[in-house]
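One structure is given below, encoded as C-alpha cells.
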Amino acid sequence: MTSEGEHDHQPLPHHKRAWNQVDLLSSIIGRYVHVLNRHSDSWPSWDVAVKEDEDIHEVCLLVNQHLSKLGWLSKLTRSKDGWAMTVLPLPERQFPRKGGLLLFWVLSSLTLTLAADVWTRPVRQSGGWFSTSSFVDAFLGYAGPVLSVLAIATVVHWAVAKHHGVRAGTLMPVPDLTIALFAIGLFPHGWLLWPFGMLLIPSLPRMDARPWPDRASLGYTALSVPLVMGAGGVMLFVLGMFQTPEYIAATSAPLLTQPPVLLSLLSVELIHPDALTRLAWAHPWVHAGGFLMLMAWISLLPIPTFPGGRLLVARMGLFEARSSSTQSLLFVTALVFAYVFGVFTTFSLWYLVLALVLPLLFFFGNNLGSPVILDETKGLSESQHRRLGLLLLVVFLFLLPAQQPVVHGDSWNEPMSVTVASPPLAELLENGTWVSRSELRVTNPSYLAQPFAIDLRHEQRHVPWHAVWDCDGLDSWALNGNNGCGDVLLPGRTAIFWVNHTWEASSMPTKSNFTYIVELDGVVSLHEQTVMPSLEVVPSDHWFDVEAEPPQRCVNLHGVLTTSNELNVSIDGVVLPNLTLESVQFVGGGLDMSLLTVPDRVCMSGVDPVVLDAASSTIQLNNDTFDVLKPMKEAHLQAFVPESGWLLDANTTAWGGLLDQGGVLQRGDVCAINTTMSNPPSPVSGPWIWDTNVREAGHMPSIEAGQPLTLNIDDGTNVSVCSDPFSPYPRLKFQVTQGPELLVNWLNTTTRFPTQPWALASNGTLLNAGMGSLSFTNPSNESVPFRLSREGGFGEEWSHDWDGTDLGPGTTSLNLVPPSSPLATMWVTFESNSFVLHLATYS
C-alpha cells in the first residue's frame with residue numbers, strides 16, 4: 001500500500017476522435033515504415049519511407065505477415081517520391097469444396113478410361129496389357145498413370161507455394177465427356193481431334209487470383225506443375241516404349257501418339273531402332289506420357305492465365321509483360337507457330353489450342369490486375385533469372401511436340417511396294433564368269449506384318465543366264481517353294497536383297513529379257529527387265545522368223561560403235577552332217593558383211609523354212625562369237641479350228657501331242673500367276689462345250705470315254721498354254737485359223753497342228769528315219785483339200801504314195817522317200833483353204 005500523494009499520476013494520452021479502419025491500418029504500417037501522406041485511391045494507400053537502413057522488400061514481408069492475421073495485405077509499388085503501400089483485403093472463400101473437386105476427379109477417371117479404350121482397342125495385345133478385362137486394362141494403362149502424375153503435381157505445387165508463404169489450390173482436371181460418344185461408336189474415330197479424355201487442368205482457386213509475395217515465388221510455383229507433368233510424361237513414355245512388343249496386329253486404323261521431336265530421336269537411338277513404327281501398337285503408358293507431355297508444353301506457352309504466362313510476368317515484370325508491344329509480339333508468335341504446326345492446312349487439335357489461346361491474348365493480355373504480386377518491384381536476382389530461364393528453355397525444347405501430336409493411322413493396311421533396279425551391265429570377272437548384280441527392295445509402310453516373295457523367269461527357257469539369289473536371310477517364304485527370296489515383313493521395315501545374273505556358257509553372253517514375279521501380301525505383279533554384258537555390240541538371245549518371200553530369220557542388235565570403226569557380221573550358213581551349203585545368207589547376199597553403224601537387226605534368208613531352220617544359230621560380231629537361240633516352234637504354231645469347234649473324244653486322240661501335257665489354256669499371251677483355275681464344268685446332261693468367249697481360261701480337263709468336249713475358239717485368237725504357275729511366259733502358243741479340223745501322226749505322235757511335220761535329207765538320208773512317214777486323220781464327214789507342191793531346182797524328186805485325191809474322212813497315210821540330191825526338204829502349209837505338202841530338192 002502506498003500513501004496518497006506518494007507518486008504523481010500522469011493521465012494517459014488519448015485521441016479526442018475514435019480511429020477508423022484506415023487509421024488503424026496506417027498505425028500498423030507506421031510501426032515498420034514512415035508513413036508520409038495518404039493517396040486518394042479507392043483502397044487505402046500511403047507514401048512511405050524506410051526507417052534507417054532497412055530493406056523495403058523485407059519490411060513489406062513483415063507488414064504482410066502482420067496484416068494477414070487481420071484479413072488484409074499490403075502491396076508495395078513505386079511512387080513519384082519513392083515507395084507506396086496499398087492495403088487490400090485478403091481474398092476469402094476462394095477454395096472450393098472437397099466434394100466438388102472429388103466429383104471432377106472421379107468424372108475425369110471415367111473419361112480417361114474411355115479414352116484409353118479408344119486408344120488401345122485396335123491394337124490391344126492378346127490377353128490384355130495388365131488384365132483380360134478391357135476396363136481394368138484401360139484404367140491401369142492410362143487413367144491411373146495420368147491421375148497419379150496429376151496428384152503428384154498437386155502435392156509439389158502445394159509444397160513449392162507453401163515454401164514461398166502462399167496457400168495454393170488443387171489441380172482440377174476437367175473431363176471431356178464427348179469421348180463417350182466415340183467410345184460407344186456414335187461418332188467415327190476419324191472425327192476425333194482431342195482423344196485424351198480430359199480438356200483442361202486448371203487449379204482452384206486460380207493462381208492469378210492468389211496473392212504472391214514477389215515475382216520469384218510466382219515463377220517457381222508456376223513452373224512446378226509443368227515440370228512434374230513433363231517429367232512424369234517422359235518417364236511413362238520411355239517405360240511404355242520398353243514394354244511395347246515387336247509387333248501386334250492391328251484390327252482397324254489406330255491412333256498414334258507422336259512423341260516430341262527430341263524424344264523421338266532418343267527413342268530410335270536408345271530404345272528401339274523401329275520405335276517410331278511401334279507407336280502404332282504402343283503400350284498405353286506411351287499414350288498417357290504423350291498426353292502429359294503435350295499438356296505440359298501447352299501450359300508453358302506465354303499466354304495469360306497459363307503457367308507460362310505467369311512465368312513471363314515473373315521474368316519480365318507485370319507492366320512490361322502486359323505492354324502492348326509484348327502482347328503484339330506474342331500474337332504474331334502464336335500465328336507463326338500455328339503456321340509451323342499446320343493449323344491452316346490440316347484440321348487438327350491445334351485448332352482447339354489456337355481457339356483457346358487467341359481469346360486469352362485479346363481479353364487478358366493487358367490486364368494489370370492479374371496476377372496479384374504484393375512486391376512486384378523486387379524483381380528477380382541474376383541467379384533466379386538464369387535458373388528459371390534455363391529450366392523453361394530445357395523443358396520447352398525437350399517437350400516440343402510433333403507437328404501432329406496425334407495421328408490417325410489411316411495407312412494401317414497400306415499395301416507394300418517394291419523397287420526393282422535395272423540390272424547393270426554384266427562384267428567379266430577374273431575367273432572368266434560374267435556377272436551382273438542388281439538390288440531389290442520391298443517396303444512395308446503399313447502397320448501389319450505382310451508376306452512377300454520374289455522370283456524371276458527368263459523369256460527364253462534355255463538361255464544360259466542363271467539367277468543366283470542373295471536373300472540376306474529373307475528366304476523363309478518362297479514363291480515356288482525353293483527359288484527366289486521371301487519373308488514376312490514387319491511394319492515399317494524395308495527388305496533389301498540382291499540377285500546375281502550369271503552367264504553359264506562358253507560363248508559370249510547375249511541380251512536376255514526376263515520378268516520379276518513379285519507377290520506382295522497375295523497380290524502378284526510383274527516387272528520386266530533385261531540383262532546384257534558390257535560389250536560394244538550385243539545380239540538378243542533368240543532369232544525370230546519374219547514372213548517374207550523367201551523366208552527370213554532376224555536377230556536384234558544392241559549397242560553403238562565406240563572403239564571400233566566398223567561392225568563385221570558373219571554367219572556359218574547351213575550345217576548338216578557331212579554337208580555345208582550356202583543356201584542361207586544375209587539379206588542382200590553373202591555370209592558376212594561390214595557396217596559403219598549398228599542396225600536395229602540383221603536378217604538372213606533361206607531357200608525354204610526348213611533350210612532356214614537348219615542354219616547355224618551362231619553369229620559373230622567383230623571378234624565376239626554369240627550362240628543365239630533358235631525360235632521355239634512351240635511359240636509359233638498354227639491351229640485350224642472349224643466353225644463348230646474341235647471335238648475332243650477319248651475314242652480318237654483327245655488333246656493330242658503338245659497339248660496332252662495339260663496346263664491352263666487361255667486367251668492371250670501372258671500367263672496368270674499362281675491363280676486358282678478349275679476345269680470347265682461338265683453338264684449333268686447334254687453336250688459338254690467350252691466356249692472361250694465365255695470362259696477365257698481354264699485347266700485342260702481329261703477327256704473320258706463317253707464324255708466328249710467341244711472347244712470353240714474364234715478365228716484369229718491367240719491362245720496360250722501355261723504349265724508353270726509362277727511364270728508369265730506360256731509353254732505353248734498358237735494362233736487360231738478357221739479351217740478344217742485335221743490331225744496328223746508324225747514321228748509316232750498325233751497332234752492337232754497339221755503344219756508341224758517337216759523333213760530334211762542329205763544324199764537321200766533323212767535326218768530322222770521316221771520323218772518320211774506321216775498320216776492325216778480327218779474326223780469330219782467332208783473331204784479336206786490337199787495338194788503337193790514341187791520346190792527347189794530340177795532333178796530327182798521325192799517318191800511318195802499319194803493317190804492324188806483330197807483327204808477324205810478317216811486316216812490317210814503317206815510314205816515319202818527323199819531323192820539322192822545333196823539336200824531335200826519337206827514341210828506342210830495351209831494356203832487358200834487347202835493343205836499343201838511342199839517337197840523341195842536342191843543340188
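In the C-alpha cells, chains take the letters A, B, ... in the order shown, each chain's residues start at 1, and ligands count up from 1 in the order shown.
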Applying 8 Å and only C-alpha atoms, which residues near A:Ala672 remain after dropping the ones on its own chain fewer than 5 positions away? List them as JSON, numbers by chain.
{"A": [725, 727, 728]}
Strand (DSSP E) residues, from DSSP on the backbone, in stretch 638-767 of chain A, as a ChimeraX atom specification
/A:638-641,646-648,664-667,688-691,697-699,709-712,718-722,732-738,743-746,749-751,758-762,765-766
Report as a PyMOL selection string all protein, DNA and RNA residues lying within 10 Å of stretch 557-572 of chain A, evaluated on only C-alpha atoms, omitting residues in the same chain fewer than 3 positions from it.
chain A and resi 510-511+532+534-541+554+575+580-582+584-586+590-602+604+615-625
Which of A:Val372, A:Leu747, A:Leu193, A:Leu823 sits closest to A:Lys75 [using only C-alpha atoms]
A:Val372
According to DSSP computed on the backbone, where in stretch 387-453 of chain A is there alpha helix (DSSP H)? Give the residues as a ChimeraX atom specification.
/A:387-398
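By chain and then residue number, the residues within 12 Å of A:Leu140 are A:Ser109, A:Leu112, A:Thr113, A:Ala116, A:Asp117, A:Gly128, A:Trp129, A:Phe130, A:Ser131, A:Thr132, A:Ser133, A:Ser134, A:Val146, A:Leu147, A:Ser148, A:His283, A:Pro284, A:Trp285, A:Ala288, counting only C-alpha atoms and disregarding those fewer than 6 positions away in sequence.
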So that I can see what lies close to A:Trp746, please list as a compact mmCIF listing (two decimals) with all heavy atoms, in the first residue's frame the residues with an atom at most 10 Å from it, counting only C-alpha atoms and leaving out residues fewer than 5 positions away in the same chain.
# COMPACT_ATOMS: atom_id res chain seq x y z
N GLY A 657 -0.70 -84.51 -129.28
CA GLY A 657 0.64 -84.11 -128.89
C GLY A 657 0.77 -82.61 -128.70
O GLY A 657 0.05 -81.82 -129.32
N THR A 751 -0.91 -85.11 -133.38
CA THR A 751 -1.09 -83.73 -132.92
C THR A 751 -2.19 -83.07 -133.72
O THR A 751 -2.53 -83.49 -134.83
CB THR A 751 0.22 -82.95 -133.07
OG1 THR A 751 0.01 -81.61 -132.63
CG2 THR A 751 0.70 -82.92 -134.50
N PRO A 754 -1.50 -79.64 -137.89
CA PRO A 754 -1.12 -80.40 -139.10
C PRO A 754 0.04 -79.79 -139.87
O PRO A 754 0.61 -80.48 -140.73
CB PRO A 754 -2.41 -80.39 -139.94
CG PRO A 754 -3.19 -79.23 -139.45
CD PRO A 754 -2.86 -79.08 -138.01
N GLN A 756 2.86 -79.03 -138.54
CA GLN A 756 4.07 -79.26 -137.76
C GLN A 756 5.08 -80.15 -138.46
O GLN A 756 6.29 -79.96 -138.31
CB GLN A 756 3.70 -79.84 -136.39
CG GLN A 756 4.89 -80.02 -135.46
CD GLN A 756 4.51 -80.67 -134.14
OE1 GLN A 756 3.37 -81.05 -133.93
NE2 GLN A 756 5.49 -80.81 -133.26
N PRO A 757 4.70 -81.17 -139.22
CA PRO A 757 5.70 -82.08 -139.81
C PRO A 757 6.66 -81.38 -140.76
O PRO A 757 6.29 -80.45 -141.48
CB PRO A 757 4.84 -83.10 -140.55
CG PRO A 757 3.52 -83.07 -139.87
CD PRO A 757 3.32 -81.64 -139.48
N TRP A 758 7.89 -81.85 -140.75
CA TRP A 758 8.91 -81.40 -141.68
C TRP A 758 9.96 -82.49 -141.80
O TRP A 758 10.02 -83.40 -140.97
CB TRP A 758 9.56 -80.08 -141.20
CG TRP A 758 10.26 -80.21 -139.87
CD1 TRP A 758 9.72 -80.11 -138.65
CD2 TRP A 758 11.66 -80.49 -139.68
NE1 TRP A 758 10.65 -80.31 -137.67
CE2 TRP A 758 11.86 -80.53 -138.26
CE3 TRP A 758 12.75 -80.70 -140.52
CZ2 TRP A 758 13.10 -80.77 -137.70
CZ3 TRP A 758 13.99 -80.93 -139.97
CH2 TRP A 758 14.17 -80.97 -138.56
N GLY A 770 12.16 -91.61 -139.27
CA GLY A 770 10.70 -91.60 -139.28
C GLY A 770 10.09 -90.37 -139.88
O GLY A 770 8.85 -90.24 -139.91
N MET A 771 10.89 -89.43 -140.38
CA MET A 771 10.33 -88.19 -140.89
C MET A 771 9.52 -88.37 -142.16
O MET A 771 8.64 -87.57 -142.47
CB MET A 771 11.46 -87.18 -141.17
CG MET A 771 12.05 -86.53 -139.92
SD MET A 771 13.32 -85.33 -140.35
CE MET A 771 13.53 -84.50 -138.79
N GLY A 772 9.80 -89.44 -142.90
CA GLY A 772 9.11 -89.63 -144.18
C GLY A 772 7.77 -90.30 -144.05
O GLY A 772 7.07 -90.45 -145.07
N SER A 773 7.36 -90.73 -142.88
CA SER A 773 6.07 -91.41 -142.70
C SER A 773 5.15 -90.50 -141.90
O SER A 773 5.48 -90.09 -140.78
CB SER A 773 6.27 -92.74 -141.97
OG SER A 773 7.08 -93.62 -142.72
N LEU A 774 3.99 -90.18 -142.49
CA LEU A 774 3.01 -89.36 -141.79
C LEU A 774 1.63 -89.74 -142.27
O LEU A 774 1.46 -90.26 -143.38
CB LEU A 774 3.27 -87.86 -141.99
CG LEU A 774 3.15 -87.27 -143.41
CD1 LEU A 774 2.95 -85.76 -143.32
CD2 LEU A 774 4.42 -87.55 -144.21
N SER A 775 0.67 -89.54 -141.40
CA SER A 775 -0.72 -89.86 -141.73
C SER A 775 -1.61 -88.75 -141.20
O SER A 775 -1.38 -88.21 -140.11
CB SER A 775 -1.13 -91.21 -141.14
OG SER A 775 -1.01 -91.20 -139.73
N PHE A 776 -2.64 -88.42 -142.01
CA PHE A 776 -3.59 -87.37 -141.66
C PHE A 776 -4.93 -88.01 -141.30
O PHE A 776 -5.41 -88.90 -142.02
CB PHE A 776 -3.77 -86.39 -142.82
CG PHE A 776 -2.52 -85.64 -143.18
CD1 PHE A 776 -1.67 -86.09 -144.19
CD2 PHE A 776 -2.18 -84.48 -142.50
CE1 PHE A 776 -0.52 -85.39 -144.52
CE2 PHE A 776 -1.02 -83.79 -142.83
CZ PHE A 776 -0.19 -84.24 -143.83
Got a sec: who's within 7 Å of stretch 161-177 of chain A, counting only C-alpha atoms, leaving out chain neighbours fewer than 5 positions off, as a VMD selection string?
chain A and resid 95 101 104 to 105 107 to 108 111 154 197 to 205 212 217 221
Since we have the selection now, will you write its residues out, keeping N, CA and C atoms, as an mmCIF file, in the first residue's frame?
data_model
loop_
_atom_site.group_PDB
_atom_site.id
_atom_site.type_symbol
_atom_site.label_atom_id
_atom_site.label_comp_id
_atom_site.auth_asym_id
_atom_site.auth_seq_id
_atom_site.Cartn_x
_atom_site.Cartn_y
_atom_site.Cartn_z
ATOM 1 N N PHE A 95 -11.343 -21.152 -52.076
ATOM 2 C CA PHE A 95 -11.088 -22.587 -52.189
ATOM 3 C C PHE A 95 -12.412 -23.342 -52.291
ATOM 4 N N LEU A 101 -14.404 -30.979 -55.937
ATOM 5 C CA LEU A 101 -13.143 -31.444 -56.512
ATOM 6 C C LEU A 101 -13.151 -32.947 -56.737
ATOM 7 N N PHE A 104 -15.021 -33.936 -59.890
ATOM 8 C CA PHE A 104 -14.269 -33.739 -61.131
ATOM 9 C C PHE A 104 -13.207 -34.818 -61.318
ATOM 10 N N TRP A 105 -12.549 -35.208 -60.246
ATOM 11 C CA TRP A 105 -11.536 -36.262 -60.347
ATOM 12 C C TRP A 105 -12.170 -37.601 -60.723
ATOM 13 N N LEU A 107 -15.078 -38.070 -62.369
ATOM 14 C CA LEU A 107 -15.516 -37.997 -63.768
ATOM 15 C C LEU A 107 -14.332 -38.069 -64.727
ATOM 16 N N SER A 108 -13.245 -37.429 -64.359
ATOM 17 C CA SER A 108 -12.055 -37.482 -65.223
ATOM 18 C C SER A 108 -11.501 -38.891 -65.315
ATOM 19 N N THR A 111 -13.703 -40.639 -67.930
ATOM 20 C CA THR A 111 -13.450 -40.230 -69.309
ATOM 21 C C THR A 111 -12.050 -40.637 -69.771
ATOM 22 N N THR A 154 0.070 -31.918 -57.918
ATOM 23 C CA THR A 154 -0.666 -31.113 -56.940
ATOM 24 C C THR A 154 0.110 -30.981 -55.638
ATOM 25 N N GLY A 197 -9.476 -37.530 -73.395
ATOM 26 C CA GLY A 197 -10.422 -37.749 -72.306
ATOM 27 C C GLY A 197 -10.428 -36.659 -71.269
ATOM 28 N N MET A 198 -9.610 -35.607 -71.446
ATOM 29 C CA MET A 198 -9.536 -34.503 -70.499
ATOM 30 C C MET A 198 -9.283 -33.227 -71.282
ATOM 31 N N LEU A 199 -10.033 -32.178 -70.954
ATOM 32 C CA LEU A 199 -9.920 -30.930 -71.700
ATOM 33 C C LEU A 199 -8.847 -30.010 -71.138
ATOM 34 N N LEU A 200 -8.975 -29.670 -69.853
ATOM 35 C CA LEU A 200 -8.072 -28.709 -69.215
ATOM 36 C C LEU A 200 -7.648 -29.236 -67.851
ATOM 37 N N ILE A 201 -6.571 -28.631 -67.318
ATOM 38 C CA ILE A 201 -6.102 -28.983 -65.970
ATOM 39 C C ILE A 201 -5.842 -27.670 -65.214
ATOM 40 N N PRO A 202 -6.889 -26.910 -64.880
ATOM 41 C CA PRO A 202 -6.687 -25.677 -64.100
ATOM 42 C C PRO A 202 -6.516 -25.998 -62.621
ATOM 43 N N SER A 203 -6.247 -24.969 -61.849
ATOM 44 C CA SER A 203 -6.173 -25.114 -60.393
ATOM 45 C C SER A 203 -7.242 -24.234 -59.758
ATOM 46 N N LEU A 204 -7.840 -24.688 -58.702
ATOM 47 C CA LEU A 204 -8.818 -23.916 -57.936
ATOM 48 C C LEU A 204 -8.304 -23.741 -56.512
ATOM 49 N N PRO A 205 -8.230 -22.458 -56.054
ATOM 50 C CA PRO A 205 -8.516 -21.247 -56.830
ATOM 51 C C PRO A 205 -7.457 -20.974 -57.887
ATOM 52 N N TRP A 212 0.728 -13.149 -54.279
ATOM 53 C CA TRP A 212 2.082 -13.687 -54.284
ATOM 54 C C TRP A 212 3.037 -12.671 -53.684
ATOM 55 N N SER A 217 8.476 -16.087 -56.181
ATOM 56 C CA SER A 217 7.530 -17.086 -55.681
ATOM 57 C C SER A 217 6.517 -17.455 -56.754
ATOM 58 N N THR A 221 6.537 -21.368 -58.436
ATOM 59 C CA THR A 221 5.298 -22.121 -58.238
ATOM 60 C C THR A 221 4.623 -22.422 -59.576
#
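Distance annotation: of A:Leu658, A:Leu526, A:Val149, A:Leu456, the residue with the minimal separation from A:Lys733 is A:Leu658; atom set is only C-alpha atoms.
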So that I can check the surroundings of A:Pro445, please list as a PyMOL selection string every protein, DNA and RNA residue that reaches within 10 Å of it, counting only C-alpha atoms and ignoring chain neighbours fewer than 5 positions away.
chain A and resi 277+411-417+490-494
Selected residues written out, N, CA, C and O atoms, as a PDB file, in the first residue's frame:
ATOM      1  N   THR A 277       7.877 -46.830 -85.463  1.00  0.00           N
ATOM      2  CA  THR A 277       6.901 -47.741 -86.058  1.00  0.00           C
ATOM      3  C   THR A 277       6.059 -48.421 -84.989  1.00  0.00           C
ATOM      4  O   THR A 277       4.856 -48.613 -85.157  1.00  0.00           O
ATOM      5  N   SER A 411      -3.254 -45.298 -92.862  1.00  0.00           N
ATOM      6  CA  SER A 411      -2.473 -46.161 -93.756  1.00  0.00           C
ATOM      7  C   SER A 411      -2.095 -47.470 -93.083  1.00  0.00           C
ATOM      8  O   SER A 411      -1.100 -48.085 -93.458  1.00  0.00           O
ATOM      9  N   TRP A 412      -2.880 -47.894 -92.105  1.00  0.00           N
ATOM     10  CA  TRP A 412      -2.530 -49.088 -91.319  1.00  0.00           C
ATOM     11  C   TRP A 412      -2.494 -50.348 -92.176  1.00  0.00           C
ATOM     12  O   TRP A 412      -1.746 -51.269 -91.888  1.00  0.00           O
ATOM     13  N   ASN A 413      -3.285 -50.396 -93.244  1.00  0.00           N
ATOM     14  CA  ASN A 413      -3.279 -51.578 -94.116  1.00  0.00           C
ATOM     15  C   ASN A 413      -2.826 -51.233 -95.522  1.00  0.00           C
ATOM     16  O   ASN A 413      -3.238 -51.873 -96.489  1.00  0.00           O
ATOM     17  N   GLU A 414      -1.975 -50.229 -95.645  1.00  0.00           N
ATOM     18  CA  GLU A 414      -1.464 -49.823 -96.955  1.00  0.00           C
ATOM     19  C   GLU A 414      -0.630 -50.949 -97.564  1.00  0.00           C
ATOM     20  O   GLU A 414       0.154 -51.599 -96.872  1.00  0.00           O
ATOM     21  N   PRO A 415      -0.780 -51.185 -98.848  1.00  0.00           N
ATOM     22  CA  PRO A 415      -0.041 -52.298 -99.468  1.00  0.00           C
ATOM     23  C   PRO A 415       1.453 -52.011 -99.534  1.00  0.00           C
ATOM     24  O   PRO A 415       1.902 -50.858 -99.523  1.00  0.00           O
ATOM     25  N   MET A 416       2.222 -53.076 -99.620  1.00  0.00           N
ATOM     26  CA  MET A 416       3.667 -52.962 -99.743  1.00  0.00           C
ATOM     27  C   MET A 416       4.045 -52.478-101.147  1.00  0.00           C
ATOM     28  O   MET A 416       3.239 -52.540-102.082  1.00  0.00           O
ATOM     29  N   SER A 417       5.261 -52.025-101.275  1.00  0.00           N
ATOM     30  CA  SER A 417       5.792 -51.581-102.557  1.00  0.00           C
ATOM     31  C   SER A 417       7.148 -52.220-102.789  1.00  0.00           C
ATOM     32  O   SER A 417       7.854 -52.569-101.843  1.00  0.00           O
ATOM     33  N   LEU A 490       7.867 -57.148 -91.272  1.00  0.00           N
ATOM     34  CA  LEU A 490       7.217 -56.423 -90.187  1.00  0.00           C
ATOM     35  C   LEU A 490       6.920 -54.982 -90.609  1.00  0.00           C
ATOM     36  O   LEU A 490       7.517 -54.464 -91.553  1.00  0.00           O
ATOM     37  N   PRO A 491       6.005 -54.302 -89.905  1.00  0.00           N
ATOM     38  CA  PRO A 491       5.648 -52.931 -90.279  1.00  0.00           C
ATOM     39  C   PRO A 491       6.845 -51.987 -90.248  1.00  0.00           C
ATOM     40  O   PRO A 491       7.725 -52.082 -89.397  1.00  0.00           O
ATOM     41  N   GLY A 492       6.841 -51.083 -91.208  1.00  0.00           N
ATOM     42  CA  GLY A 492       7.876 -50.062 -91.261  1.00  0.00           C
ATOM     43  C   GLY A 492       9.236 -50.559 -91.697  1.00  0.00           C
ATOM     44  O   GLY A 492      10.196 -49.780 -91.693  1.00  0.00           O
ATOM     45  N   ARG A 493       9.350 -51.817 -92.075  1.00  0.00           N
ATOM     46  CA  ARG A 493      10.654 -52.370 -92.451  1.00  0.00           C
ATOM     47  C   ARG A 493      10.832 -52.316 -93.973  1.00  0.00           C
ATOM     48  O   ARG A 493       9.865 -52.304 -94.734  1.00  0.00           O
ATOM     49  N   THR A 494      12.093 -52.326 -94.384  1.00  0.00           N
ATOM     50  CA  THR A 494      12.451 -52.424 -95.795  1.00  0.00           C
ATOM     51  C   THR A 494      13.403 -53.599 -95.963  1.00  0.00           C
ATOM     52  O   THR A 494      14.454 -53.645 -95.321  1.00  0.00           O
TER      53      THR A 494
END
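Using only C-alpha atoms, the smallest distance between any of A:Leu648, A:Leu807, A:Leu732, A:Leu399 and A:Leu262 comes from A:Leu399.
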So, counting only C-alpha atoms, which residue among A:Phe291, A:Phe135, A:Trp434, A:Phe452 is closest to A:Val523?
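Ranked by minimum distance to A:Val523, first place goes to A:Phe452.
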